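Listing of input.cif, mmCIF, C-alpha atoms and all ligand atoms
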data_model
loop_
_atom_site.group_PDB
_atom_site.id
_atom_site.type_symbol
_atom_site.label_atom_id
_atom_site.label_comp_id
_atom_site.auth_asym_id
_atom_site.auth_seq_id
_atom_site.Cartn_x
_atom_site.Cartn_y
_atom_site.Cartn_z
ATOM 1 C CA MET A 719 -21.478 65.037 -160.714
ATOM 2 C CA ASN A 720 -19.973 62.212 -158.637
ATOM 3 C CA PRO A 721 -19.946 62.575 -154.873
ATOM 4 C CA ILE A 722 -17.043 64.801 -153.839
ATOM 5 C CA ILE A 723 -14.541 64.064 -151.081
ATOM 6 C CA ALA A 724 -13.169 67.165 -149.385
ATOM 7 C CA PRO A 725 -10.296 66.386 -146.997
ATOM 8 C CA SER A 726 -10.254 68.766 -144.039
ATOM 9 C CA ILE A 727 -6.727 70.017 -143.486
ATOM 10 C CA LEU A 728 -7.538 70.623 -139.812
ATOM 11 C CA SER A 729 -6.279 67.078 -139.310
ATOM 12 C CA ALA A 730 -3.208 67.536 -141.544
ATOM 13 C CA ASP A 731 0.296 67.933 -140.119
ATOM 14 C CA PHE A 732 0.637 71.729 -140.001
ATOM 15 C CA ALA A 733 4.424 71.435 -139.892
ATOM 16 C CA ASN A 734 4.254 69.492 -143.165
ATOM 17 C CA LEU A 735 1.342 71.231 -144.787
ATOM 18 C CA GLN A 736 2.893 71.411 -148.270
ATOM 19 C CA ARG A 737 3.493 67.652 -148.192
ATOM 20 C CA ASP A 738 -0.108 67.025 -147.163
ATOM 21 C CA ILE A 739 -1.500 69.394 -149.822
ATOM 22 C CA GLU A 740 0.597 67.603 -152.463
ATOM 23 C CA MET A 741 -0.862 64.301 -151.270
ATOM 24 C CA ILE A 742 -4.360 65.760 -151.741
ATOM 25 C CA ASN A 743 -3.355 67.013 -155.214
ATOM 26 C CA ARG A 744 -2.395 63.473 -156.279
ATOM 27 C CA SER A 745 -5.533 62.002 -154.740
ATOM 28 C CA GLN A 746 -9.099 61.797 -156.004
ATOM 29 C CA ALA A 747 -10.225 64.507 -153.613
ATOM 30 C CA GLY A 748 -12.425 67.116 -155.293
ATOM 31 C CA TRP A 749 -12.064 70.051 -152.914
ATOM 32 C CA ILE A 750 -9.809 71.040 -150.019
ATOM 33 C CA HIS A 751 -11.759 71.975 -146.887
ATOM 34 C CA ILE A 752 -10.148 74.635 -144.685
ATOM 35 C CA ASP A 753 -11.485 75.287 -141.177
ATOM 36 C CA VAL A 754 -11.044 78.821 -139.872
ATOM 37 C CA MET A 755 -11.839 79.244 -136.153
ATOM 38 C CA ASP A 756 -11.708 82.419 -134.092
ATOM 39 C CA GLY A 757 -11.938 81.235 -130.482
ATOM 40 C CA MET A 758 -15.241 83.135 -130.184
ATOM 41 C CA PHE A 759 -17.829 81.516 -132.413
ATOM 42 C CA VAL A 760 -16.217 78.200 -131.527
ATOM 43 C CA PRO A 761 -13.964 77.469 -128.548
ATOM 44 C CA ASN A 762 -10.915 76.664 -130.669
ATOM 45 C CA ILE A 763 -8.479 78.780 -132.743
ATOM 46 C CA SER A 764 -7.135 77.154 -135.901
ATOM 47 C CA LEU A 765 -5.691 79.123 -138.812
ATOM 48 C CA GLY A 766 -6.337 82.268 -140.808
ATOM 49 C CA ILE A 767 -5.857 84.235 -144.000
ATOM 50 C CA PRO A 768 -2.054 83.790 -144.463
ATOM 51 C CA VAL A 769 -2.407 80.012 -144.257
ATOM 52 C CA VAL A 770 -5.137 80.019 -146.922
ATOM 53 C CA SER A 771 -2.756 82.013 -149.217
ATOM 54 C CA ALA A 772 0.057 79.583 -148.524
ATOM 55 C CA ILE A 773 -2.124 76.590 -149.415
ATOM 56 C CA LYS A 774 -3.357 78.274 -152.611
ATOM 57 C CA LYS A 775 0.220 78.410 -153.923
ATOM 58 C CA HIS A 776 0.413 74.619 -153.915
ATOM 59 C CA THR A 777 -2.898 73.488 -155.357
ATOM 60 C CA GLN A 778 -5.379 73.870 -158.199
ATOM 61 C CA LYS A 779 -8.170 72.171 -156.265
ATOM 62 C CA PRO A 780 -10.992 74.452 -155.127
ATOM 63 C CA LEU A 781 -10.497 75.787 -151.603
ATOM 64 C CA ASP A 782 -13.642 75.281 -149.553
ATOM 65 C CA VAL A 783 -13.207 77.750 -146.711
ATOM 66 C CA HIS A 784 -15.413 77.126 -143.674
ATOM 67 C CA LEU A 785 -15.563 80.238 -141.512
ATOM 68 C CA MET A 786 -16.371 79.390 -137.907
ATOM 69 C CA ILE A 787 -16.024 83.014 -136.911
ATOM 70 C CA GLU A 788 -18.236 85.796 -135.615
ATOM 71 C CA LYS A 789 -19.233 88.547 -138.034
ATOM 72 C CA PRO A 790 -17.708 86.774 -141.067
ATOM 73 C CA GLU A 791 -18.818 89.653 -143.317
ATOM 74 C CA ARG A 792 -15.730 91.546 -142.064
ATOM 75 C CA TYR A 793 -13.347 89.250 -143.955
ATOM 76 C CA ILE A 794 -15.018 88.126 -147.193
ATOM 77 C CA SER A 795 -12.711 90.013 -149.601
ATOM 78 C CA GLU A 796 -9.637 89.041 -147.619
ATOM 79 C CA PHE A 797 -10.425 85.336 -147.890
ATOM 80 C CA ARG A 798 -11.232 85.704 -151.597
ATOM 81 C CA ASP A 799 -7.891 87.483 -152.149
ATOM 82 C CA ALA A 800 -6.148 84.699 -150.241
ATOM 83 C CA GLY A 801 -7.565 82.174 -152.715
ATOM 84 C CA ALA A 802 -10.862 80.920 -151.335
ATOM 85 C CA ASP A 803 -13.137 79.518 -154.052
ATOM 86 C CA HIS A 804 -16.026 78.794 -151.715
ATOM 87 C CA ILE A 805 -16.787 80.781 -148.587
ATOM 88 C CA ILE A 806 -19.045 79.105 -146.044
ATOM 89 C CA VAL A 807 -20.491 81.176 -143.212
ATOM 90 C CA HIS A 808 -22.503 79.971 -140.241
ATOM 91 C CA ILE A 809 -26.163 80.887 -140.182
ATOM 92 C CA GLU A 810 -25.840 81.317 -136.397
ATOM 93 C CA ALA A 811 -23.216 84.046 -136.974
ATOM 94 C CA CYS A 812 -25.153 85.961 -139.650
ATOM 95 C CA PRO A 813 -28.162 88.064 -138.675
ATOM 96 C CA HIS A 814 -28.221 89.390 -142.257
ATOM 97 C CA LEU A 815 -27.552 86.152 -144.072
ATOM 98 C CA HIS A 816 -29.055 87.281 -147.373
ATOM 99 C CA ARG A 817 -26.735 90.290 -147.503
ATOM 100 C CA THR A 818 -23.695 88.221 -146.521
ATOM 101 C CA LEU A 819 -24.385 85.682 -149.288
ATOM 102 C CA GLN A 820 -24.679 88.500 -151.833
ATOM 103 C CA GLN A 821 -21.382 89.870 -150.566
ATOM 104 C CA ILE A 822 -19.666 86.487 -151.056
ATOM 105 C CA LYS A 823 -21.043 86.163 -154.588
ATOM 106 C CA SER A 824 -20.103 89.730 -155.446
ATOM 107 C CA VAL A 825 -16.416 88.909 -154.906
ATOM 108 C CA GLY A 826 -16.733 85.890 -157.218
ATOM 109 C CA CYS A 827 -16.876 83.039 -154.715
ATOM 110 C CA LYS A 828 -19.454 80.312 -154.266
ATOM 111 C CA ALA A 829 -21.591 81.063 -151.237
ATOM 112 C CA GLY A 830 -22.101 78.454 -148.550
ATOM 113 C CA VAL A 831 -24.129 78.326 -145.356
ATOM 114 C CA ALA A 832 -23.277 76.008 -142.466
ATOM 115 C CA LEU A 833 -25.791 74.823 -139.866
ATOM 116 C CA ASN A 834 -24.878 73.683 -136.380
ATOM 117 C CA PRO A 835 -26.382 70.358 -135.295
ATOM 118 C CA HIS A 836 -29.187 72.044 -133.321
ATOM 119 C CA THR A 837 -30.147 74.471 -136.105
ATOM 120 C CA SER A 838 -33.253 73.629 -138.099
ATOM 121 C CA ILE A 839 -33.140 73.527 -141.880
ATOM 122 C CA ILE A 840 -36.462 75.407 -141.837
ATOM 123 C CA LEU A 841 -34.406 78.581 -141.430
ATOM 124 C CA LEU A 842 -33.166 78.060 -144.995
ATOM 125 C CA GLU A 843 -36.617 77.886 -146.535
ATOM 126 C CA ASN A 844 -36.689 81.490 -147.770
ATOM 127 C CA ILE A 845 -33.114 81.573 -148.975
ATOM 128 C CA ILE A 846 -32.356 78.121 -150.362
ATOM 129 C CA LYS A 847 -32.277 79.360 -153.963
ATOM 130 C CA GLU A 848 -29.516 81.857 -153.121
ATOM 131 C CA ILE A 849 -27.210 79.235 -151.641
ATOM 132 C CA ASP A 850 -24.528 77.326 -153.569
ATOM 133 C CA ILE A 851 -23.485 74.991 -150.732
ATOM 134 C CA VAL A 852 -25.322 73.953 -147.577
ATOM 135 C CA CYS A 853 -22.853 72.578 -145.034
ATOM 136 C CA VAL A 854 -24.649 70.378 -142.534
ATOM 137 C CA MET A 855 -22.551 70.050 -139.392
ATOM 138 C CA SER A 856 -22.691 66.495 -138.135
ATOM 139 C CA VAL A 857 -20.614 67.373 -135.040
ATOM 140 C CA ASN A 858 -20.472 70.528 -132.955
ATOM 141 C CA PRO A 859 -17.985 72.739 -134.779
ATOM 142 C CA GLY A 860 -14.605 73.469 -133.256
ATOM 143 C CA PHE A 861 -12.669 70.230 -133.282
ATOM 144 C CA GLY A 862 -11.765 67.332 -135.520
ATOM 145 C CA GLY A 863 -12.146 63.708 -134.515
ATOM 146 C CA GLN A 864 -15.584 63.901 -132.901
ATOM 147 C CA LYS A 865 -18.369 61.346 -133.087
ATOM 148 C CA PHE A 866 -20.903 61.670 -135.912
ATOM 149 C CA ILE A 867 -24.387 62.749 -134.741
ATOM 150 C CA ASP A 868 -26.907 60.254 -136.157
ATOM 151 C CA LYS A 869 -29.763 62.767 -136.337
ATOM 152 C CA THR A 870 -27.900 64.162 -139.378
ATOM 153 C CA PHE A 871 -29.264 61.418 -141.659
ATOM 154 C CA GLU A 872 -32.844 62.607 -141.222
ATOM 155 C CA LYS A 873 -31.767 66.242 -141.555
ATOM 156 C CA VAL A 874 -30.068 65.531 -144.878
ATOM 157 C CA SER A 875 -33.154 63.769 -146.258
ATOM 158 C CA ARG A 876 -35.361 66.728 -145.378
ATOM 159 C CA LEU A 877 -32.858 69.207 -146.733
ATOM 160 C CA LYS A 878 -32.604 67.297 -150.009
ATOM 161 C CA GLU A 879 -36.376 67.465 -150.290
ATOM 162 C CA MET A 880 -36.266 71.236 -149.769
ATOM 163 C CA VAL A 881 -33.544 71.647 -152.408
ATOM 164 C CA VAL A 882 -35.506 69.626 -154.966
ATOM 165 C CA THR A 883 -38.889 71.214 -154.196
ATOM 166 C CA ASN A 884 -37.438 74.691 -154.633
ATOM 167 C CA ALA A 885 -35.375 73.793 -157.706
ATOM 168 C CA SER A 886 -32.333 75.082 -155.835
ATOM 169 C CA LYS A 887 -28.864 74.388 -157.206
ATOM 170 C CA ALA A 888 -27.407 74.045 -153.704
ATOM 171 C CA VAL A 889 -25.122 71.097 -153.107
ATOM 172 C CA ILE A 890 -25.277 69.403 -149.718
ATOM 173 C CA GLU A 891 -22.015 69.039 -147.820
ATOM 174 C CA ILE A 892 -21.610 67.031 -144.614
ATOM 175 C CA ASP A 893 -18.944 68.034 -142.123
ATOM 176 C CA GLY A 894 -17.861 66.097 -139.053
ATOM 177 C CA GLY A 895 -17.317 62.478 -138.109
ATOM 178 C CA VAL A 896 -17.546 61.242 -141.694
ATOM 179 C CA SER A 897 -16.075 57.791 -142.269
ATOM 180 C CA LYS A 898 -16.653 54.757 -144.458
ATOM 181 C CA ASP A 899 -19.336 53.693 -141.958
ATOM 182 C CA ASN A 900 -21.680 56.573 -142.790
ATOM 183 C CA ALA A 901 -20.443 57.860 -146.174
ATOM 184 C CA GLN A 902 -22.691 55.907 -148.555
ATOM 185 C CA LYS A 903 -25.684 56.320 -146.247
ATOM 186 C CA LEU A 904 -25.194 60.089 -146.402
ATOM 187 C CA ILE A 905 -25.012 60.017 -150.201
ATOM 188 C CA ASP A 906 -28.186 57.896 -150.263
ATOM 189 C CA ARG A 907 -29.963 60.572 -148.190
ATOM 190 C CA GLY A 908 -28.933 63.311 -150.634
ATOM 191 C CA ALA A 909 -25.432 64.478 -149.733
ATOM 192 C CA ASP A 910 -23.091 65.570 -152.557
ATOM 193 C CA VAL A 911 -19.888 66.456 -150.699
ATOM 194 C CA LEU A 912 -18.312 64.668 -147.749
ATOM 195 C CA VAL A 913 -15.746 66.514 -145.646
ATOM 196 C CA ALA A 914 -13.420 64.193 -143.773
ATOM 197 C CA GLY A 915 -10.512 65.096 -141.526
ATOM 198 C CA SER A 916 -9.387 62.512 -139.009
ATOM 199 C CA PHE A 917 -10.708 59.558 -141.015
ATOM 200 C CA ILE A 918 -8.378 60.519 -143.885
ATOM 201 C CA PHE A 919 -5.319 61.835 -142.076
ATOM 202 C CA ASN A 920 -5.216 59.110 -139.416
ATOM 203 C CA ALA A 921 -5.091 56.460 -142.150
ATOM 204 C CA GLU A 922 -1.825 54.732 -142.886
ATOM 205 C CA ASN A 923 -2.148 55.708 -146.546
ATOM 206 C CA PRO A 924 -4.435 58.749 -146.833
ATOM 207 C CA GLU A 925 -4.099 58.997 -150.618
ATOM 208 C CA GLN A 926 -5.254 55.432 -151.099
ATOM 209 C CA LEU A 927 -8.038 55.862 -148.579
ATOM 210 C CA ILE A 928 -9.393 58.880 -150.482
ATOM 211 C CA SER A 929 -9.373 56.852 -153.721
ATOM 212 C CA GLU A 930 -11.095 53.892 -152.104
ATOM 213 C CA LEU A 931 -13.732 56.135 -150.583
ATOM 214 C CA ALA A 932 -14.273 58.085 -153.811
ATOM 215 C CA GLN A 933 -14.596 54.901 -155.855
ATOM 216 C CA SER A 934 -16.929 53.231 -153.378
ATOM 217 C CA LEU A 935 -19.509 56.030 -153.407
ATOM 218 C CA GLN A 936 -22.380 56.126 -155.854
ATOM 219 C CA TYR A 937 -25.521 58.204 -156.174
HETATM 220 C C1 LIG A 1001 -15.117 70.796 -137.267
HETATM 221 C C2 LIG A 1001 -14.667 71.118 -138.657
HETATM 222 C C3 LIG A 1001 -14.497 69.926 -139.513
HETATM 223 C C4 LIG A 1001 -13.460 68.950 -139.030
HETATM 224 C C5 LIG A 1001 -13.918 67.576 -139.403
HETATM 225 O O1 LIG A 1001 -15.394 71.981 -136.607
HETATM 226 O O2 LIG A 1001 -15.577 71.976 -139.305
HETATM 227 O O3 LIG A 1001 -14.245 70.282 -140.859
HETATM 228 O O4 LIG A 1001 -12.177 69.170 -139.538
HETATM 229 O O5 LIG A 1001 -13.061 66.668 -138.823
HETATM 230 P P1 LIG A 1001 -13.448 65.142 -138.647
HETATM 231 O O6 LIG A 1001 -13.671 64.586 -140.027
HETATM 232 O O7 LIG A 1001 -12.260 64.568 -137.965
HETATM 233 O O8 LIG A 1001 -14.703 65.095 -137.812
HETATM 234 ZN ZN ZN A 1002 -15.335 72.300 -141.500
#
Once you've parsed the file, please lay out its structure as structure tokens.
Amino acid sequence: MNPIIAPSILSADFANLQRDIEMINRSQAGWIHIDVMDGMFVPNISLGIPVVSAIKKHTQKPLDVHLMIEKPERYISEFRDAGADHIIVHIEACPHLHRTLQQIKSVGCKAGVALNPHTSIILLENIIKEIDIVCVMSVNPGFGGQKFIDKTFEKVSRLKEMVVTNASKAVIEIDGGVSKDNAQKLIDRGADVLVAGSFIFNAENPEQLISELAQSLQY
């Protein structure tokens, strides 16, 4: 597998979402990252189930749905029905994480777990083999365009070690403040998937930028 670029549509133009999804379709992006926020788990409110369905109609790329919501177990089937291929829940929002991951898999989606910047990867030790995607937040969730937290590099190295030691199939995704300045360094530490919002959508030519980034990255 080559490193995957997952544009975050949080930074897309919501009034021209179809245009932006079509741009992603033409690009070398592997997944489309969709940020769902409830104004409770995080301070912001973004988009919900109807928008995921609308996006699904215009793309074949896997939809990587990042739920920044409280009690995400309430909505797993709804997001699957809307077209989510991956459902990522926050460990901080899931007291029964093992059960929630089983629930996600039982509806046929890949199961992801996101960790806030302050959350230790040690909490994943007993469950790493059950996880398909670990999403390491490299900013505090809630907003696009924030500064990358450097501590993430060390966290990714240690997480990669845990994945390998446990023969887990989990892929490591990095979310927040990703740009060309940290992308290769993250891959070198063990990342597989880079989510990028503002870096891509603020570019003059986002499609070209995705290609350049995808082609520049190597394991
Ligand atoms: C932040 C979201 C991110 C966000 C990343 O809460 O989870 O996916 O869109 O945006 P950038 O790449 O601009 O930091
Ligand atoms: Zn996200």
Would you kindly translate the PyMOL selection byres (((chain A and resi 874) around 8) and not hetatm) into the concrete residues it picks from this file, as a PyMOL selection string? chain A and resi 854+870-873+875-878+890+904+907-909
Counting all atoms listed in the file, which residues have an atom no more than 12 Å from (-22.1, 62.9, -146.9) in the file's coordinates? Please list them as a VMD selection string. chain A and resid 720 to 724 852 to 856 866 870 to 871 873 to 875 878 889 to 914 931 to 932 935 to 937
Minimum-distance residue to A:Ile750, chosen among A:Val769, A:Ile727, A:Leu833, A:Val882 (using all atoms listed in the file): A:Ile727
Do you know which residues the PyMOL selection byres (((not hetatm)) within 7 of (chain A and resi 1001)) returns on this file, as a VMD selection string? chain A and resid 726 to 729 751 753 784 857 to 864 893 to 896 913 to 917
Run through the PyMOL selection byres (((chain A and resi 821) around 12) and not hetatm) on the given coordinates and return the selected residues as a JSON list (two decimals) with C-alpha atoms, in the frame of the given file.
[["chain", "number", "residue", "atom", "x", "y", "z"],
["A", 790, "PRO", "CA", -17.71, 86.77, -141.07],
["A", 791, "GLU", "CA", -18.82, 89.65, -143.32],
["A", 792, "ARG", "CA", -15.73, 91.55, -142.06],
["A", 793, "TYR", "CA", -13.35, 89.25, -143.96],
["A", 794, "ILE", "CA", -15.02, 88.13, -147.19],
["A", 795, "SER", "CA", -12.71, 90.01, -149.60],
["A", 798, "ARG", "CA", -11.23, 85.70, -151.60],
["A", 805, "ILE", "CA", -16.79, 80.78, -148.59],
["A", 806, "ILE", "CA", -19.05, 79.10, -146.04],
["A", 807, "VAL", "CA", -20.49, 81.18, -143.21],
["A", 814, "HIS", "CA", -28.22, 89.39, -142.26],
["A", 815, "LEU", "CA", -27.55, 86.15, -144.07],
["A", 816, "HIS", "CA", -29.06, 87.28, -147.37],
["A", 817, "ARG", "CA", -26.74, 90.29, -147.50],
["A", 818, "THR", "CA", -23.70, 88.22, -146.52],
["A", 819, "LEU", "CA", -24.38, 85.68, -149.29],
["A", 820, "GLN", "CA", -24.68, 88.50, -151.83],
["A", 822, "ILE", "CA", -19.67, 86.49, -151.06],
["A", 823, "LYS", "CA", -21.04, 86.16, -154.59],
["A", 824, "SER", "CA", -20.10, 89.73, -155.45],
["A", 825, "VAL", "CA", -16.42, 88.91, -154.91],
["A", 826, "GLY", "CA", -16.73, 85.89, -157.22],
["A", 827, "CYS", "CA", -16.88, 83.04, -154.72],
["A", 828, "LYS", "CA", -19.45, 80.31, -154.27],
["A", 829, "ALA", "CA", -21.59, 81.06, -151.24],
["A", 830, "GLY", "CA", -22.10, 78.45, -148.55],
["A", 848, "GLU", "CA", -29.52, 81.86, -153.12]]
Which residue, A:Met880, A:Glu788, A:Pro780, A:Glu740, has the smallest gap to A:Gly757 when you use all atoms listed in the file?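 Of A:Met880, A:Glu788, A:Pro780, A:Glu740, the one nearest A:Gly757 is A:Glu788, counting all atoms listed in the file.
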Among listed residues A:Asp782, A:Glu843, A:Asp738, A:Asp731, nearest ligand ZN 1002 (chain A) (using all atoms listed in the file): A:Asp782
Selected residue of minimal separation from ligand ZN 1002 (chain A) among A:Ile742, A:Gln736, A:Val783, A:Ser929, counting all atoms listed in the file: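 Nearest to ligand ZN 1002 (chain A): A:Val783.
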Compare A:Ala733, A:Ala800, A:Ala811, A:Met786 by their minimum atom-to-atom distance to A:Ile773, counting all atoms listed in the file, and give me the closest one.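 So, comparing all the options, the nearest one is A:Ala800.
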Let me make sure I understand: among A:His808, A:Lys847, A:His836, A:Lys774, which one has the smallest atom-to-atom distance to ligand ZN 1002 (chain A) if we use only C-alpha atoms and all ligand atoms?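 Smallest distance to ligand ZN 1002 (chain A) is found for A:His808.
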Take every atom of stretch 801-809 of chain A listed in the file, pad by 5 Å on each side, and give me the axis-aligned box centre and edge lengths in Å, one decimal, as JSON.
{"center_x": -16.9, "center_y": 80.5, "center_z": -147.1, "size_x": 28.6, "size_y": 13.4, "size_z": 23.9}
Name the residues in contact with A:Val754 at a cut-off of 6 Å, using all atoms listed in the file, excluding same-chain residues fewer than 6 positions from it; report them as a ChimeraX atom specification. /A:764-766,785-786
In Å, how far is it from atom CA of A:Leu735 to atom CA of A:Met719?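 So the answer is 28.5 Å.
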Hey, can you check how far atom CA of A:Leu927 sits from atom CA of A:Ile739?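 Spanning atom CA of A:Leu927 to atom CA of A:Ile739 is a straight-line distance of 15.1 Å.
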Length of the atom CA of A:Ser838 to atom CA of A:Ile809 vector [Å]: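 Atom CA of A:Ser838 sits 10.4 Å away from atom CA of A:Ile809.
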